[in-house]
Structure formats: C-alpha cells, structure tokens
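File shown: work-v5.cif. Contents: mmCIF, C-alpha atoms.
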```cif
data_structure
loop_
_atom_site.label_atom_id
_atom_site.label_comp_id
_atom_site.auth_asym_id
_atom_site.auth_seq_id
_atom_site.Cartn_x
_atom_site.Cartn_y
_atom_site.Cartn_z
CA MET A 275 -86.41 -73.29 -49.90
CA ARG A 276 -85.63 -73.95 -46.23
CA VAL A 277 -82.93 -76.54 -45.66
CA ASP A 278 -85.19 -78.73 -43.47
CA ARG A 279 -87.76 -78.81 -46.27
CA PHE A 280 -85.07 -79.53 -48.85
CA LEU A 281 -83.84 -82.52 -46.79
CA SER A 282 -87.29 -83.91 -46.06
CA ASN A 283 -88.14 -83.69 -49.77
CA HIS A 284 -85.21 -85.97 -50.48
CA PRO A 285 -86.31 -89.63 -50.76
CA GLN A 286 -83.63 -90.67 -48.26
CA PHE A 287 -84.87 -88.59 -45.33
CA ASN A 288 -88.18 -87.97 -43.61
CA ARG A 289 -88.98 -84.82 -41.65
CA GLN A 290 -87.70 -86.18 -38.33
CA GLN A 291 -84.45 -87.42 -39.86
CA ALA A 292 -83.94 -84.02 -41.47
CA ARG A 293 -84.26 -82.32 -38.08
CA LEU A 294 -81.78 -84.73 -36.51
CA LEU A 295 -79.25 -84.21 -39.27
CA LEU A 296 -79.34 -80.48 -38.60
CA ILE A 297 -79.14 -80.87 -34.82
CA GLU A 298 -76.14 -83.19 -35.23
CA ARG A 299 -74.53 -80.61 -37.55
CA ARG A 300 -74.05 -83.13 -40.34
CA VAL A 301 -75.35 -80.84 -43.10
CA ARG A 302 -73.19 -78.47 -45.14
CA VAL A 303 -74.49 -75.82 -47.55
CA ASP A 304 -71.85 -74.31 -49.80
CA GLY A 305 -69.17 -75.72 -47.50
CA GLN A 306 -70.69 -74.22 -44.34
CA THR A 307 -72.05 -76.47 -41.59
CA VAL A 308 -75.64 -75.45 -40.84
CA SER A 309 -78.04 -76.32 -38.02
CA ASP A 310 -80.72 -73.66 -38.56
CA PRO A 311 -83.73 -75.31 -40.26
CA HIS A 312 -84.58 -71.95 -41.89
CA HIS A 313 -81.22 -71.74 -43.70
CA ASP A 314 -81.81 -70.92 -47.37
CA VAL A 315 -81.11 -73.57 -50.02
CA ARG A 316 -81.28 -72.38 -53.61
CA GLU A 317 -80.74 -74.05 -56.95
CA PHE A 318 -77.16 -72.72 -56.92
CA SER A 319 -76.36 -74.18 -53.48
CA ARG A 320 -74.09 -77.18 -52.97
CA VAL A 321 -75.66 -79.41 -50.30
CA GLU A 322 -73.87 -82.27 -48.54
CA VAL A 323 -74.80 -84.63 -45.71
CA ASP A 324 -71.66 -86.19 -44.23
CA ASP A 325 -69.75 -87.21 -47.36
CA GLN A 326 -72.83 -87.56 -49.55
CA LEU A 327 -73.52 -84.90 -52.18
CA LEU A 328 -77.26 -84.19 -52.44
CA GLN A 329 -77.07 -81.22 -54.82
CA ALA A 330 -74.04 -80.13 -56.79
CA GLY A 331 -75.39 -76.66 -57.48
CA LYS A 332 -74.31 -74.44 -60.35
CA PRO A 333 -72.76 -70.99 -60.54
CA ALA A 334 -75.09 -68.03 -60.37
CA ARG A 335 -74.46 -65.53 -63.16
CA TYR A 336 -75.22 -61.82 -63.18
CA PHE A 337 -74.60 -59.39 -66.04
CA MET A 338 -75.00 -55.68 -66.72
CA LEU A 339 -75.83 -54.86 -70.35
CA HIS A 340 -75.93 -51.52 -72.14
CA LYS A 341 -79.02 -52.18 -74.25
CA PRO A 342 -79.03 -50.37 -77.59
CA PRO A 343 -82.20 -49.12 -79.28
CA GLY A 344 -83.79 -51.48 -81.80
CA CYS A 345 -83.30 -54.56 -79.65
CA VAL A 346 -86.02 -56.69 -78.06
CA SER A 347 -86.05 -57.34 -74.31
CA ALA A 348 -86.73 -61.05 -74.76
CA THR A 349 -84.88 -64.35 -74.85
CA GLN A 350 -85.99 -64.99 -78.44
CA ASP A 351 -87.87 -63.17 -81.18
CA PRO A 352 -88.63 -64.25 -84.76
CA GLU A 353 -88.15 -60.78 -86.28
CA HIS A 354 -85.69 -58.72 -84.25
CA PRO A 355 -82.39 -59.20 -82.42
CA THR A 356 -82.78 -59.81 -78.70
CA VAL A 357 -80.64 -58.74 -75.76
CA LEU A 358 -79.46 -62.34 -75.34
CA ASP A 359 -78.10 -62.24 -78.91
CA LEU A 360 -75.62 -59.63 -77.62
CA LEU A 361 -74.16 -62.00 -75.03
CA ASP A 362 -71.26 -64.29 -75.86
CA GLU A 363 -71.94 -66.76 -73.05
CA ALA A 364 -72.38 -70.50 -72.74
CA ASP A 365 -75.82 -71.84 -71.81
CA LYS A 366 -77.58 -68.58 -72.66
CA HIS A 367 -80.90 -70.41 -72.49
CA ASP A 368 -80.50 -70.46 -68.68
CA LEU A 369 -80.49 -66.66 -68.52
CA HIS A 370 -83.43 -64.29 -68.22
CA ILE A 371 -84.01 -60.53 -68.01
CA ALA A 372 -84.55 -58.73 -64.72
CA GLY A 373 -86.70 -55.79 -65.84
CA ARG A 374 -87.44 -55.08 -69.49
CA LEU A 375 -86.94 -52.02 -71.67
CA ASP A 376 -88.99 -51.00 -74.69
CA PHE A 377 -87.72 -51.76 -78.20
CA ASN A 378 -86.31 -48.26 -78.80
CA THR A 379 -85.28 -47.56 -75.19
CA SER A 380 -81.59 -47.87 -74.36
CA GLY A 381 -79.61 -48.21 -71.16
CA LEU A 382 -79.06 -50.40 -68.14
CA MET A 383 -80.41 -53.93 -68.27
CA LEU A 384 -79.71 -56.76 -65.84
CA ILE A 385 -79.54 -60.38 -66.96
CA THR A 386 -79.18 -63.40 -64.68
CA ASN A 387 -79.99 -67.07 -64.10
CA ASP A 388 -80.95 -66.36 -60.46
CA GLY A 389 -84.73 -66.19 -60.31
CA HIS A 390 -84.86 -65.30 -56.60
CA TRP A 391 -82.55 -62.31 -57.15
CA SER A 392 -84.41 -61.04 -60.21
CA ARG A 393 -87.82 -61.39 -58.54
CA HIS A 394 -86.58 -59.22 -55.69
CA LEU A 395 -85.51 -56.56 -58.20
CA THR A 396 -88.76 -56.52 -60.12
CA GLN A 397 -91.50 -57.14 -57.56
CA PRO A 398 -93.58 -54.00 -56.85
CA GLN A 399 -93.00 -54.20 -53.07
CA THR A 400 -89.26 -53.61 -53.47
CA LYS A 401 -89.87 -50.12 -54.94
CA LEU A 402 -86.39 -49.78 -56.41
CA PRO A 403 -86.00 -46.39 -58.11
CA LYS A 404 -85.38 -46.58 -61.85
CA VAL A 405 -83.74 -43.45 -63.24
CA TYR A 406 -84.19 -42.42 -66.89
CA TYR A 407 -82.77 -39.69 -69.09
CA VAL A 408 -85.63 -38.35 -71.23
CA GLU A 409 -85.75 -36.15 -74.32
CA THR A 410 -89.09 -34.90 -75.64
CA GLU A 411 -90.57 -33.31 -78.72
CA GLN A 412 -91.92 -30.28 -76.87
CA GLU A 413 -90.74 -28.19 -73.95
CA ILE A 414 -90.92 -29.60 -70.42
CA THR A 415 -92.18 -27.15 -67.81
CA ASP A 416 -92.38 -27.00 -64.02
CA ASP A 417 -95.97 -28.26 -64.27
CA TYR A 418 -94.55 -31.70 -65.06
CA ILE A 419 -92.64 -31.76 -61.77
CA THR A 420 -95.80 -31.10 -59.74
CA ARG A 421 -97.96 -33.56 -61.68
CA PHE A 422 -95.40 -36.38 -61.51
CA GLU A 423 -94.99 -35.84 -57.76
CA GLN A 424 -98.78 -36.12 -57.34
CA GLY A 425 -99.08 -39.06 -59.73
CA VAL A 426 -100.55 -39.44 -63.21
CA TYR A 427 -103.90 -41.15 -63.67
CA PHE A 428 -103.96 -44.03 -66.18
CA ALA A 429 -107.58 -44.55 -67.20
CA TYR A 430 -107.03 -47.95 -68.82
CA GLU A 431 -105.81 -49.51 -65.56
CA ASP A 432 -107.88 -47.11 -63.40
CA LEU A 433 -104.87 -46.24 -61.26
CA THR A 434 -102.62 -43.34 -60.39
CA THR A 435 -98.86 -43.74 -60.62
CA LEU A 436 -96.80 -43.51 -57.46
CA PRO A 437 -94.96 -40.22 -56.81
CA ALA A 438 -92.06 -39.70 -59.21
CA THR A 439 -89.19 -37.20 -59.20
CA LEU A 440 -88.42 -35.09 -62.26
CA GLU A 441 -85.27 -32.99 -62.68
CA LEU A 442 -85.24 -30.53 -65.58
CA LEU A 443 -81.96 -30.58 -67.51
CA GLY A 444 -82.86 -28.42 -70.50
CA PRO A 445 -85.90 -27.14 -72.40
CA ARG A 446 -86.67 -30.62 -73.75
CA SER A 447 -84.62 -32.92 -71.53
CA ALA A 448 -85.02 -34.22 -68.00
CA ARG A 449 -84.09 -36.97 -65.57
CA LEU A 450 -87.00 -38.99 -64.20
CA SER A 451 -86.98 -41.37 -61.22
CA ILE A 452 -89.87 -43.81 -60.83
CA VAL A 453 -90.40 -46.81 -58.55
CA GLU A 454 -92.80 -48.68 -60.82
CA GLY A 455 -92.44 -50.40 -64.16
CA ARG A 456 -95.83 -50.20 -65.80
CA TYR A 457 -96.36 -50.69 -69.53
CA HIS A 458 -94.76 -47.77 -71.41
CA GLN A 459 -95.00 -45.83 -68.14
CA VAL A 460 -92.55 -43.01 -68.87
CA LYS A 461 -93.97 -42.35 -72.34
CA ARG A 462 -97.51 -42.37 -70.96
CA MET A 463 -96.61 -39.98 -68.14
CA PHE A 464 -95.28 -37.45 -70.64
CA GLY A 465 -98.25 -38.28 -72.84
CA TYR A 466 -100.43 -36.76 -70.12
CA PHE A 467 -99.10 -33.43 -71.43
CA ASP A 468 -99.35 -34.58 -75.08
CA ASN A 469 -95.58 -34.48 -75.22
CA LYS A 470 -93.90 -37.26 -77.18
CA VAL A 471 -90.74 -38.92 -75.81
CA VAL A 472 -88.14 -39.04 -78.58
CA ARG A 473 -85.30 -40.56 -76.55
CA LEU A 474 -85.39 -42.69 -73.41
CA HIS A 475 -82.33 -44.09 -71.67
CA ARG A 476 -82.22 -45.94 -68.33
CA GLU A 477 -79.22 -44.81 -66.28
CA ARG A 478 -79.73 -46.55 -62.96
CA ILE A 479 -81.64 -49.26 -61.10
CA GLY A 480 -81.58 -48.80 -57.34
CA PRO A 481 -77.95 -48.15 -56.35
CA LEU A 482 -76.55 -49.63 -59.58
CA LEU A 483 -75.40 -47.22 -62.29
CA LEU A 484 -74.80 -48.20 -65.89
CA ASP A 485 -71.05 -48.60 -66.36
CA SER A 486 -69.87 -45.60 -68.41
CA GLN A 487 -67.22 -47.81 -70.02
CA LEU A 488 -69.84 -49.98 -71.71
CA ALA A 489 -70.74 -48.95 -75.26
CA PRO A 490 -74.24 -49.79 -76.55
CA GLY A 491 -74.44 -53.55 -77.03
CA GLU A 492 -71.60 -54.30 -74.58
CA TYR A 493 -71.93 -56.06 -71.25
CA ARG A 494 -69.94 -57.24 -68.26
CA ALA A 495 -70.38 -59.48 -65.24
CA LEU A 496 -71.52 -57.78 -62.06
CA THR A 497 -69.11 -57.71 -59.13
CA ALA A 498 -69.99 -59.55 -55.93
CA ARG A 499 -70.60 -56.19 -54.26
CA GLU A 500 -72.98 -55.10 -57.03
CA VAL A 501 -74.94 -58.35 -56.75
CA ALA A 502 -75.14 -58.06 -52.97
CA CYS A 503 -76.27 -54.42 -52.96
CA PHE A 504 -79.83 -55.48 -53.78
CA LYS A 505 -79.94 -57.77 -50.71
CA PRO A 506 -82.84 -60.11 -51.55
CA GLY A 507 -84.46 -61.78 -48.59
CA PRO A 508 -84.39 -65.54 -48.04
CA ALA A 509 -86.33 -67.71 -50.46
CA VAL A 510 -89.26 -69.73 -49.14
#
```
Kindly return the structure encoded in the file as structure tokens.
Amino acid sequence: MRVDRFLSNHPQFNRQQARLLLIERRVRVDGQTVSDPHHDVREFSRVEVDDQLLQAGKPARYFMLHKPPGCVSATQDPEHPTVLDLLDEADKHDLHIAGRLDFNTSGLMLITNDGHWSRHLTQPQTKLPKVYYVETEQEITDDYITRFEQGVYFAYEDLTTLPATLELLGPRSARLSIVEGRYHQVKRMFGYFDNKVVRLHRERIGPLLLDSQLAPGEYRALTAREVACFKPGPAV
C-alpha cells in the first residue's frame, strides 16, 4: 500500500501526522528516506520512523522449478506429491505458485511468497507469453497455424482464445506461444482438430527461460535480474 496510508493505519499516527512525517523526511523504507506519499510499502518492506521500527519486513523469495510430470500444482494434496514437496526450504507454507501446470505437464514453474509479484505475472491484463513444446498423437498441419492465429472458440465459456503463435517442429511436434492460461487451454486448442496432446512442456514465461541445467524436480532461486524483468507496478 502507499506509505501515507501505511502510516495513517498505524495507531500512533493520524493522516495529518503521516503527511508531516513524510514532509519532514523522517520516514525510511528499506533504509531509504522517502517523502513521496505514493511510495510503495509491501509486506517485505522494512519501515522506520526516526529510530522506531514500525515493520521489520521479511525476505521475498522467488524460485524457478522444473516441474516433472505426475506432480500436482498445489501447496498440498492428499493423494499426489505437490510441487512444494520438491522444495527443501524453510517456511514452505509461506510460498505459493505463480501460474499452474496440469498434472502431467512438465516445465517451468515459478514459486514465491510475493503476492504482488505473482499477481502481476498471472493477471490477464499482463498478457505474458507462455511458450510450450507440444507433441501430439496425429500430424500437425499448417491449418493449425491459421486457426490458432485467428483464435479457437470454446463453447463452454462462450469465448474465442486470443491469437496464438504456432511453430511446426516436426510432423507431430510444435512450439506454441499463448498469452492466456485458461483451463487445459493447449490441450483444448489441439482438441479442436481432434488431435490429442501426448506431451506438454512449458519452456518459457515472458522473458524467463527454464534453466537448462535444472533436471526435472530440481529448482533454484531466481536472480535479482530475473525477478526484476517482470517489472510489476506499484501495489495499491
């Protein structure tokens, strides 16, 4: 939230006192003196007024996981292993998934405790391209390219998918880029042609590629540059 709202929500300060504190440059957020009332304060921010600590903050955590097939994109499941079971991290209950994958779909998955960051990744307005490697039961033809560019009608939702880009790699393999994340979307798009997807692997989200050094089930922390490349706007 905005720093002026954060301060005025504190029992010690009313709205006018919060404004004065900022004008007098007595407020520090993450060690930086701030005077702009719109400055962003998040749950990870350390906030101080003079020598008084108002919020200690906590470290934001961001991970890239190579999800294997046969693993549930959930924090817990009574029957199957989950992606969080693959992480050897303290306080795993604080983490959540930024964009799910189906049970038998493999590939890039992002896991974090930063809700603002993950909402930016997954909200429809962001339109981040998600790139998948696809293998199918039957041959893929040029007709697929045209149809996916025009959009595929989903009768159940009464909507047409946004334009998608398909690159043919072989008779039964292709690379598909979509900017949505609808339920079983890739499988349903190929289902338009009655062609079953037999392998689906997410290679990329926006500018972030799955690390080729990660074997299925392995993960690593994102670098500061990788986190920043998604550039979420300020929280409100």
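Between Glu317 in chain A and the residues A:Trp391, A:Tyr418, A:Phe377, A:Phe428, the shortest atom-to-atom distance, using only C-alpha atoms, involves A:Trp391.
For Tyr430 in chain A, the residues within 12 Å (counting only C-alpha atoms, excluding itself and residues fewer than 2 positions away along the chain) are Tyr427, Phe428, Asp432, Leu433, Thr434, Arg456, Tyr457 and Arg462 of chain A.
Counting from CA of Lys366 in chain A, the distance to CA of Thr349 in chain A is 8.7 Å.
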Exercise for review: Give as an NGL selection string the residues that the PyMOL selection byres ((chain A and resi 310) around 12) matches when applied to the coordinates above.
Suggested key: :A and (276-279 or 292-303 or 306-309 or 311-315)
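CA of Val346 in chain A is positioned 24.3 Å from CA of Asn469 in chain A.
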Practice item. Check what the PyMOL selection byres ((chain A and resi 455) around 12) selects in the file above and give those residues as a ChimeraX atom specification. Key: /A:372-376,395-406,435-436,438,451-454,456-463,476,479
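Going from CA of Asn288 in chain A over to CA of Lys332 in chain A, you cover 25.6 Å.
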Check your understanding: So, counting all atoms listed in the file, which residue among A:Leu382, A:Leu442, A:Val426, A:Ala364 is closest to Ile414 in chain A?
Key -> A:Leu442
**Study point:** Result set, the PyMOL selection byres ((chain A and resi 419-422) around 7) on current file, as an MDAnalysis selection string
**Key:** chainID A and resid 416:418 423:426 437:440
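Residues within 7 Å of range 408-412 of chain A, counting only C-alpha atoms and excluding same-chain residues fewer than 4 positions away, are Arg446, Ser447, Ala448, Arg449, Asn469, Lys470, Val471, Val472, Arg473, Leu474 and His475 of chain A.
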Counting all atoms listed in the file, which residues in range 293-348 of chain A sit no more than 9 Å from range 352-360 of chain A? For each one, give the nearest pair of atoms and the distance in Å, sorted by chain then residue number, as a tab-separated table.
```
residue	atom	partner	partner_atom	distance
A:Leu339	CA	A:Val357	CA	8.2
A:Lys341	CA	A:Val357	CA	6.9
A:Pro342	CA	A:Val357	CA	8.7
A:Gly344	CA	A:Pro355	CA	7.9
A:Cys345	CA	A:Thr356	CA	5.4
A:Val346	CA	A:Thr356	CA	4.5
A:Ser347	CA	A:Val357	CA	5.8
A:Ala348	CA	A:Thr356	CA	5.7
```
**Study point:** Distance query Asn387 in chain A at most 7 Å, only C-alpha atoms, self and fewer than 2 positions along chain excluded, as a PyMOL selection string
**Key:** chain A and resi 334-335+368-370+389
Do a neighbour search on Pro490 in chain A at 9 Å with all atoms listed in the file, toss out local chain neighbours closer than 2 positions, and write the hits as a compact mmCIF listing (two decimals) with C-alpha atoms, keeping the file's coordinate frame.
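Once everything was written out, this is result_32.txt:
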```
# COMPACT_ATOMS: atom_id res chain seq x y z
CA LEU A 339 -75.83 -54.86 -70.35
CA HIS A 340 -75.93 -51.52 -72.14
CA LYS A 341 -79.02 -52.18 -74.25
CA PRO A 342 -79.03 -50.37 -77.59
CA PRO A 343 -82.20 -49.12 -79.28
CA SER A 380 -81.59 -47.87 -74.36
CA GLY A 381 -79.61 -48.21 -71.16
CA LEU A 488 -69.84 -49.98 -71.71
CA GLU A 492 -71.60 -54.30 -74.58
CA TYR A 493 -71.93 -56.06 -71.25
```
**Study point:** Counting only C-alpha atoms, the option among A:Ala489, A:Ala495, A:Ala429, A:Val321 closest to Glu363 in chain A
**Key:** A:Ala495
Point to revise | Exercise: Leu496 in chain A partners within 7 Å, all atoms listed in the file, chain neighbours under 4 positions left out, as an NGL selection string | key: :A and (336-338 or 500-501)
Same residues, C-alpha atoms, saved as a PDB file, in the frame of the given file:
```pdb
ATOM      1  CA  TYR A 336     -75.220 -61.820 -63.180  1.00  0.00           C
ATOM      2  CA  PHE A 337     -74.600 -59.390 -66.040  1.00  0.00           C
ATOM      3  CA  MET A 338     -75.000 -55.680 -66.720  1.00  0.00           C
ATOM      4  CA  GLU A 500     -72.980 -55.100 -57.030  1.00  0.00           C
ATOM      5  CA  VAL A 501     -74.940 -58.350 -56.750  1.00  0.00           C
TER       6      VAL A 501
END
```
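Each of A:Asp362, A:Pro445, A:His367, A:Gly465 was compared to Gly491 in chain A using all atoms listed in the file, and A:Asp362 turns out to be the nearest.
Closest approach to Leu484 in chain A among A:Met275, A:Leu384, A:Leu361, A:Ala330: A:Leu384, based on all atoms listed in the file.
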Revision key, fill the gap. Counting all atoms listed in the file, closest pick from A:Arg494, A:Gly305, A:Leu328, A:Ile385 relative to Ser282 in chain A is A:Leu328
